[in-house]
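As structure tokens, the structure follows; a few thoughts come after it.
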Amino acid sequence: MSRTRAQIRARTARQLGLDIYVTGTADTGGSTTTLKDAPLSLYKDDYFNGAFILLTSGSPTFTILEVTDFVQSTGVLTFRPTLGAAPDTLAYEILPYHPTHLYERIQDALDSLFERELLSQEYWIRGVVSGSPAYNAGFDYWPDTTIDPEGYTSTGGIPLRETTNITLSEQCVNFNNATNLKVSSAAYTHFFDDLRGRTAKFYSWAFSGSANAARLNLDVDGTANYSSYVTAGLWDLLSVEVNVAATADRITPNFTGTVASVRYSDWWVEGIPGVVEHPIPAALIPRGINEILISSSLGGTGTPYPRRHQWMRATDMKYTLNQSDRETALLTFLAGQPAPGRRLAISTTRPITLPSNDTTTVNLSVTEELLVAKIAATMVLEGVLVRAPLSLHSKINARLALLRQQIVQLEESSDSAAGWAPLPLHLM
């Protein structure tokens with residue numbers, strides 16, 4: 001079942017046992033330092049003092065406010081800091097602790113359950129193209145489309161993410177004006193050093209509606225080496241071949257476009273004999289690889305794009321996964337090396353990440369959501385206990401003991417029911 005961040009936050013707040021979680025929509029009549037809502041008059045004077053208001057609609061100056069006073073007769077909360085305008089008609093929540101603190105403990109709970117192999121999700125990494133040590137060769141790893149795809153730098157304008165007119169990939173780059181896009185990440189460009197003293201062949205699928213608009217450039221120490229232009233109106237497999245000097249310092253694949261709507265998809269660079277290493281961000285595969293699927297064909301040139309491929313399991317191939325540094329993991333095929341240009345789909349298990357906003361969902365069953373909320377609440381209360389006055393220790397310890405007992409019961413019942421199977425979720 002899908003759960004939003006707001007639902008997980010609310011469940012965690014309720015598990016704290018303070019009966020302070022309230023949600024509603026503000027009445028009119030508030031001010032830049034007050035929020036008014038008639039239903040709040042059910043609570044006694046000063047009941048919410050020290051709690052936090054989270055504004056969940058509109059675009060206020062601040063979304064997190066600390067309650068400094070509450071008047072029962074009027075249902076008015078006084079808060080700080082001062083807003084730019086009254087929060088009238090805005091949706092809000094009242095939380096017992098700072099929302100950021102709750103979010104951190106919820107993520108800590110999710111990470112703890114993953115480390116204990118109790119809760120995880122299966123992800124498919126689909127941005128690896130066989131045949132060369134090219135990182136993010138399908139432009140799939142693109143966490144924020146307001147910047148360039150991971151590992152690349154553009155000049156002339158940040159490209160767009162294209163998901164309609166595509167070829168073998170799930171998406172491709174689409175230039176929104178005359179642009180040059182080059183491989184730039186220092187963490188991965190050094191994998192091309194093995195091309196020194198060899199003949200390098202740079203391939204990429206490309207599309208343009210205009211003639212003489214899109215071509216590849218395998219730049220070696222500032223010297224451009226261009227492919228032919230893509231045929232207008234077709235997806236073409238472009239290529240350029242370069243004899244790289246043994247003394248070469250920088251070998252940089254570039255994707256060029258002289259007009260808008262130039263597209264590039266899966267690419268690779270051949271020329272390194274023997275075992276080929278495919279770099280993957282180490283953070284994406286904390287527990288290694290579960291399974292690898294390989295595309296069965298490259299498709300062919302056509303209009304508007306080549307035929308999509310079929311997937312097959314890499315059952316006859318032997319591979320190893322090594323972490324070369326803090327950032328990079330290397331997938332190396334030891335036997336049954338896939339042909340160049342094939343797209344790889346890699347299944348891996350990762351921890352669940354708390355959504356970044358209230359409308360994004362994550363797959364959690366009711367039992368899993370309860371477990372996460374109770375563990376997060378326990379973490380919050382353990383932190384409070386260190387700073388709380390002695391007069392509150394007995395009450396806090398009693399709540400902690402109850403939560404811990406319920407956590408053990410939930411873990412045992414869920415484990416025996418085999419409720420911890422990974423949940424499918426596509427990352428890339």
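Letters for chains follow the order of the structure tokens (A, B, ...), residue numbers begin at 1 for each chain, and ligand numbers begin at 1 in the order shown.
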
Give me the stretch 102-201 of chain A side of the contact with stretch 206-219 of chain A, cut-off 10 Å, one line per residue showing its nearest atom pair and distance in Å at one decimal, counting only C-alpha atoms, sorted by chain and residue number, as CSV.
```
residue,atom,partner,partner_atom,distance
A:Asn165,CA,A:Phe207,CA,9.1
A:Ile166,CA,A:Phe207,CA,9.0
A:Thr167,CA,A:Ala206,CA,8.8
A:Cys172,CA,A:Ala206,CA,9.5
A:Val173,CA,A:Ala206,CA,9.7
A:Asn174,CA,A:Phe207,CA,9.2
A:Phe175,CA,A:Ser208,CA,9.9
A:Ala178,CA,A:Ala213,CA,8.9
A:Thr179,CA,A:Ala214,CA,9.8
A:Asn180,CA,A:Asn217,CA,9.6
A:Leu181,CA,A:Leu216,CA,10.0
A:Lys182,CA,A:Asn217,CA,9.1
A:Ala200,CA,A:Leu218,CA,8.8
A:Lys201,CA,A:Leu218,CA,8.7
```

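Surrounding stretch 31-38 of chain A within 8 Å are Gly24, Thr25, Ala26, Asp27, Thr74, Gly75, Val76, Leu77, Thr78, Phe79, Arg80, Pro81, Thr82, Leu83, Gly84, Ala85, Ala86, Pro87 and Asp88 of chain A, with only C-alpha atoms counted and residues fewer than 4 positions along the same chain left out.
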
Taking the DSSP assignment computed from this structure's backbone, write out as a PDB file with C-alpha atoms, in the first residue's frame all residues of stretch 275-365 of chain A that belong to strand (DSSP E).
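Below is the file states_0.pdb, written as the result:
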```
ATOM      1  CA  GLU A 277      34.647  -2.350 -16.297  1.00  0.00           C
ATOM      2  CA  HIS A 278      31.263  -0.655 -16.048  1.00  0.00           C
ATOM      3  CA  PRO A 279      31.240   2.083 -13.356  1.00  0.00           C
ATOM      4  CA  ILE A 280      28.109   2.426 -11.192  1.00  0.00           C
ATOM      5  CA  PRO A 281      27.556   4.860  -8.280  1.00  0.00           C
ATOM      6  CA  GLU A 291      20.169 -10.038 -11.096  1.00  0.00           C
ATOM      7  CA  ILE A 292      21.268  -8.683 -14.493  1.00  0.00           C
ATOM      8  CA  LEU A 293      19.113  -8.535 -17.624  1.00  0.00           C
ATOM      9  CA  ILE A 294      20.634  -7.839 -21.053  1.00  0.00           C
ATOM     10  CA  SER A 295      18.920  -6.453 -24.136  1.00  0.00           C
ATOM     11  CA  TRP A 311      15.350  -8.556 -22.222  1.00  0.00           C
ATOM     12  CA  MET A 312      17.107 -11.802 -21.350  1.00  0.00           C
ATOM     13  CA  ARG A 313      18.725 -12.953 -18.108  1.00  0.00           C
ATOM     14  CA  LYS A 318      30.081 -14.472 -14.884  1.00  0.00           C
ATOM     15  CA  TYR A 319      30.756 -11.115 -13.308  1.00  0.00           C
ATOM     16  CA  THR A 320      32.210  -9.542 -10.212  1.00  0.00           C
ATOM     17  CA  LEU A 321      31.432  -6.308  -8.411  1.00  0.00           C
ATOM     18  CA  ASN A 322      34.241  -4.345  -6.765  1.00  0.00           C
ATOM     19  CA  GLN A 323      34.233  -0.955  -5.081  1.00  0.00           C
ATOM     20  CA  THR A 328      32.404   4.036  -7.617  1.00  0.00           C
ATOM     21  CA  ALA A 329      31.539   0.361  -7.871  1.00  0.00           C
ATOM     22  CA  LEU A 330      32.846  -1.551 -10.903  1.00  0.00           C
ATOM     23  CA  LEU A 331      30.797  -4.251 -12.632  1.00  0.00           C
ATOM     24  CA  THR A 332      33.305  -6.466 -14.446  1.00  0.00           C
ATOM     25  CA  PHE A 333      32.315  -9.363 -16.706  1.00  0.00           C
ATOM     26  CA  LEU A 334      34.713 -12.290 -16.333  1.00  0.00           C
ATOM     27  CA  ALA A 335      33.069 -14.576 -18.885  1.00  0.00           C
ATOM     28  CA  ARG A 343      21.591  -2.148 -22.443  1.00  0.00           C
ATOM     29  CA  LEU A 344      21.865  -3.731 -18.994  1.00  0.00           C
ATOM     30  CA  ALA A 345      19.109  -3.767 -16.370  1.00  0.00           C
ATOM     31  CA  ILE A 346      20.538  -4.367 -12.886  1.00  0.00           C
ATOM     32  CA  SER A 347      18.366  -5.412  -9.963  1.00  0.00           C
ATOM     33  CA  THR A 348      19.550  -4.370  -6.511  1.00  0.00           C
ATOM     34  CA  THR A 349      18.126  -3.971  -3.020  1.00  0.00           C
ATOM     35  CA  ARG A 350      18.241  -0.582  -1.320  1.00  0.00           C
ATOM     36  CA  THR A 361       4.289   8.047  -1.910  1.00  0.00           C
ATOM     37  CA  VAL A 362       6.302   5.079  -0.733  1.00  0.00           C
ATOM     38  CA  ASN A 363       5.163   1.455  -0.607  1.00  0.00           C
TER      39      ASN A 363
END
```

Pull the closest atom pair for each residue of stretch 83-175 of chain A that gets at most 10 Å from stretch 6-10 of chain A, along with the distance in Å to one decimal, counting only C-alpha atoms, ordering rows by chain and then ascending residue number, as a Markdown table.
```
| residue | atom | partner | partner_atom | distance |
| --- | --- | --- | --- | --- |
| A:Glu93 | CA | A:Ala10 | CA | 8.8 |
| A:Ile94 | CA | A:Ala10 | CA | 9.7 |
| A:Leu95 | CA | A:Ala10 | CA | 8.3 |
| A:Pro99 | CA | A:Arg9 | CA | 8.1 |
| A:Leu102 | CA | A:Arg9 | CA | 7.1 |
| A:Tyr103 | CA | A:Arg9 | CA | 7.3 |
| A:Ile106 | CA | A:Arg9 | CA | 8.0 |
```

File dump, residues just selected, N, CA, C and O atoms, as an mmCIF file, in the first residue's frame:
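As a result, selection.cif now contains:
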```
data_model
loop_
_atom_site.group_PDB
_atom_site.id
_atom_site.type_symbol
_atom_site.label_atom_id
_atom_site.label_comp_id
_atom_site.auth_asym_id
_atom_site.auth_seq_id
_atom_site.Cartn_x
_atom_site.Cartn_y
_atom_site.Cartn_z
ATOM 1 N N GLU A 93 -0.696 21.465 10.377
ATOM 2 C CA GLU A 93 -0.601 20.389 11.360
ATOM 3 C C GLU A 93 0.090 20.945 12.596
ATOM 4 O O GLU A 93 0.968 21.810 12.478
ATOM 5 N N ILE A 94 -0.317 20.466 13.764
ATOM 6 C CA ILE A 94 0.399 20.792 14.998
ATOM 7 C C ILE A 94 1.118 19.528 15.438
ATOM 8 O O ILE A 94 0.503 18.467 15.599
ATOM 9 N N LEU A 95 2.433 19.641 15.588
ATOM 10 C CA LEU A 95 3.276 18.489 15.901
ATOM 11 C C LEU A 95 3.978 18.687 17.246
ATOM 12 O O LEU A 95 4.325 19.817 17.610
ATOM 13 N N PRO A 99 9.346 19.342 12.819
ATOM 14 C CA PRO A 99 9.167 18.396 11.720
ATOM 15 C C PRO A 99 10.477 17.824 11.184
ATOM 16 O O PRO A 99 10.562 16.635 10.874
ATOM 17 N N LEU A 102 11.583 15.039 13.300
ATOM 18 C CA LEU A 102 10.782 13.837 13.048
ATOM 19 C C LEU A 102 11.225 13.144 11.762
ATOM 20 O O LEU A 102 11.352 11.917 11.712
ATOM 21 N N TYR A 103 11.452 13.930 10.703
ATOM 22 C CA TYR A 103 11.871 13.341 9.431
ATOM 23 C C TYR A 103 13.190 12.588 9.588
ATOM 24 O O TYR A 103 13.364 11.483 9.047
ATOM 25 N N ILE A 106 12.566 9.305 11.317
ATOM 26 C CA ILE A 106 11.859 8.357 10.452
ATOM 27 C C ILE A 106 12.836 7.726 9.465
ATOM 28 O O ILE A 106 12.818 6.517 9.236
#
```

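The spacing separating atom CA of A:Ile289 from atom CA of A:Arg126 amounts to 12.7 Å.
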
(message) From the options A:Ser184, A:Asn225, A:Gln406, A:Gln72, which residue's atoms come nearest to A:Ala377, counting only C-alpha atoms?
(response) A:Gln406

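When atom CA of A:Leu160 is paired with atom CA of A:Leu238, their separation reads 20.7 Å.
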
(request) Have a look at atom CA of A:Thr153 and atom CA of A:Thr360 and let me know their distance in Å, one decimal. (result) 29.0 Å

(message) List as an MDAnalysis selection string the protein and nucleic acid residues near A:Val380, meaning an atom at most 8 Å away when only C-alpha atoms are counted, but skip any in the same chain fewer than 3 places from it.
(response) chainID A and resid 101:102 105 376:377 383:384

Preceding selection exported with N, CA, C and O atoms as a PDB file, in the first residue's frame:
```pdb
ATOM      1  N   HIS A 101      13.178  17.250  12.776  1.00  0.00           N
ATOM      2  CA  HIS A 101      13.645  16.252  13.726  1.00  0.00           C
ATOM      3  C   HIS A 101      12.874  14.944  13.541  1.00  0.00           C
ATOM      4  O   HIS A 101      13.465  13.854  13.578  1.00  0.00           O
ATOM      5  N   LEU A 102      11.583  15.039  13.300  1.00  0.00           N
ATOM      6  CA  LEU A 102      10.782  13.837  13.048  1.00  0.00           C
ATOM      7  C   LEU A 102      11.225  13.144  11.762  1.00  0.00           C
ATOM      8  O   LEU A 102      11.352  11.917  11.712  1.00  0.00           O
ATOM      9  N   ARG A 105      14.447  11.168  12.237  1.00  0.00           N
ATOM     10  CA  ARG A 105      14.270   9.920  12.988  1.00  0.00           C
ATOM     11  C   ARG A 105      13.505   8.875  12.158  1.00  0.00           C
ATOM     12  O   ARG A 105      13.778   7.683  12.264  1.00  0.00           O
ATOM     13  N   ALA A 376      10.817   5.235  15.067  1.00  0.00           N
ATOM     14  CA  ALA A 376      11.160   6.660  15.001  1.00  0.00           C
ATOM     15  C   ALA A 376      10.752   7.372  16.289  1.00  0.00           C
ATOM     16  O   ALA A 376      11.506   8.201  16.815  1.00  0.00           O
ATOM     17  N   ALA A 377       9.567   7.053  16.810  1.00  0.00           N
ATOM     18  CA  ALA A 377       9.111   7.680  18.060  1.00  0.00           C
ATOM     19  C   ALA A 377      10.037   7.318  19.214  1.00  0.00           C
ATOM     20  O   ALA A 377      10.340   8.155  20.073  1.00  0.00           O
ATOM     21  N   GLY A 383      16.147  10.717  22.668  1.00  0.00           N
ATOM     22  CA  GLY A 383      16.852  11.993  22.635  1.00  0.00           C
ATOM     23  C   GLY A 383      16.295  12.991  23.628  1.00  0.00           C
ATOM     24  O   GLY A 383      17.035  13.746  24.258  1.00  0.00           O
ATOM     25  N   VAL A 384      14.969  12.993  23.802  1.00  0.00           N
ATOM     26  CA  VAL A 384      14.326  13.902  24.753  1.00  0.00           C
ATOM     27  C   VAL A 384      14.726  13.548  26.176  1.00  0.00           C
ATOM     28  O   VAL A 384      14.921  14.432  27.025  1.00  0.00           O
TER      29      VAL A 384
END
```

(message) Taking the DSSP secondary structure from the backbone, can you list the residues of stretch 82-290 of chain A that are helix (DSSP H, G or I), as a VMD selection string?
(response) chain A and resid 99 to 115 186 to 195 282 to 284

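Proximity to A:Asp249 was assessed for A:Leu118, A:Val276, A:Val230, A:Val220 counting only C-alpha atoms; the smallest distance is recorded for A:Val220.
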
(message) For A:Ser120, find every residue with an atom within 6 Å (counting only C-alpha atoms), except residues of its own chain fewer than 6 positions away, and show them as a list in words.
(response) Phe114, Arg350, Pro351, Ile352 and Pro422 of chain A

With N, CA, C and O atoms retained, could you export that selection as an mmCIF file, in the first residue's frame?
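Below is the file that was written, again.cif:
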```cif
data_model
loop_
_atom_site.group_PDB
_atom_site.id
_atom_site.type_symbol
_atom_site.label_atom_id
_atom_site.label_comp_id
_atom_site.auth_asym_id
_atom_site.auth_seq_id
_atom_site.Cartn_x
_atom_site.Cartn_y
_atom_site.Cartn_z
ATOM 1 N N PHE A 114 16.564 -1.580 7.270
ATOM 2 C CA PHE A 114 17.303 -2.103 6.111
ATOM 3 C C PHE A 114 18.580 -2.809 6.557
ATOM 4 O O PHE A 114 18.897 -3.905 6.082
ATOM 5 N N ARG A 350 17.810 -1.808 -1.982
ATOM 6 C CA ARG A 350 18.241 -0.582 -1.320
ATOM 7 C C ARG A 350 17.287 -0.233 -0.188
ATOM 8 O O ARG A 350 16.143 -0.693 -0.159
ATOM 9 N N PRO A 351 17.735 0.611 0.752
ATOM 10 C CA PRO A 351 16.823 1.059 1.811
ATOM 11 C C PRO A 351 15.734 1.955 1.241
ATOM 12 O O PRO A 351 15.912 2.584 0.195
ATOM 13 N N ILE A 352 14.616 2.002 1.918
ATOM 14 C CA ILE A 352 13.532 2.903 1.528
ATOM 15 C C ILE A 352 13.902 4.318 1.948
ATOM 16 O O ILE A 352 14.411 4.542 3.042
ATOM 17 N N PRO A 422 11.162 -7.853 -0.682
ATOM 18 C CA PRO A 422 11.425 -6.534 -1.279
ATOM 19 C C PRO A 422 10.247 -6.067 -2.119
ATOM 20 O O PRO A 422 9.562 -6.862 -2.752
#
```

(message) Taking only C-alpha atoms into account, name the residue in A:Gly30, A:Pro340, A:Gly127, A:Gly50 that is nearest to A:Leu284.
(response) A:Gly127

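Closest approach to A:Glu412 among A:Ile285, A:Gly138, A:Leu371, A:Ser296 is made by A:Leu371 (distances from only C-alpha atoms).
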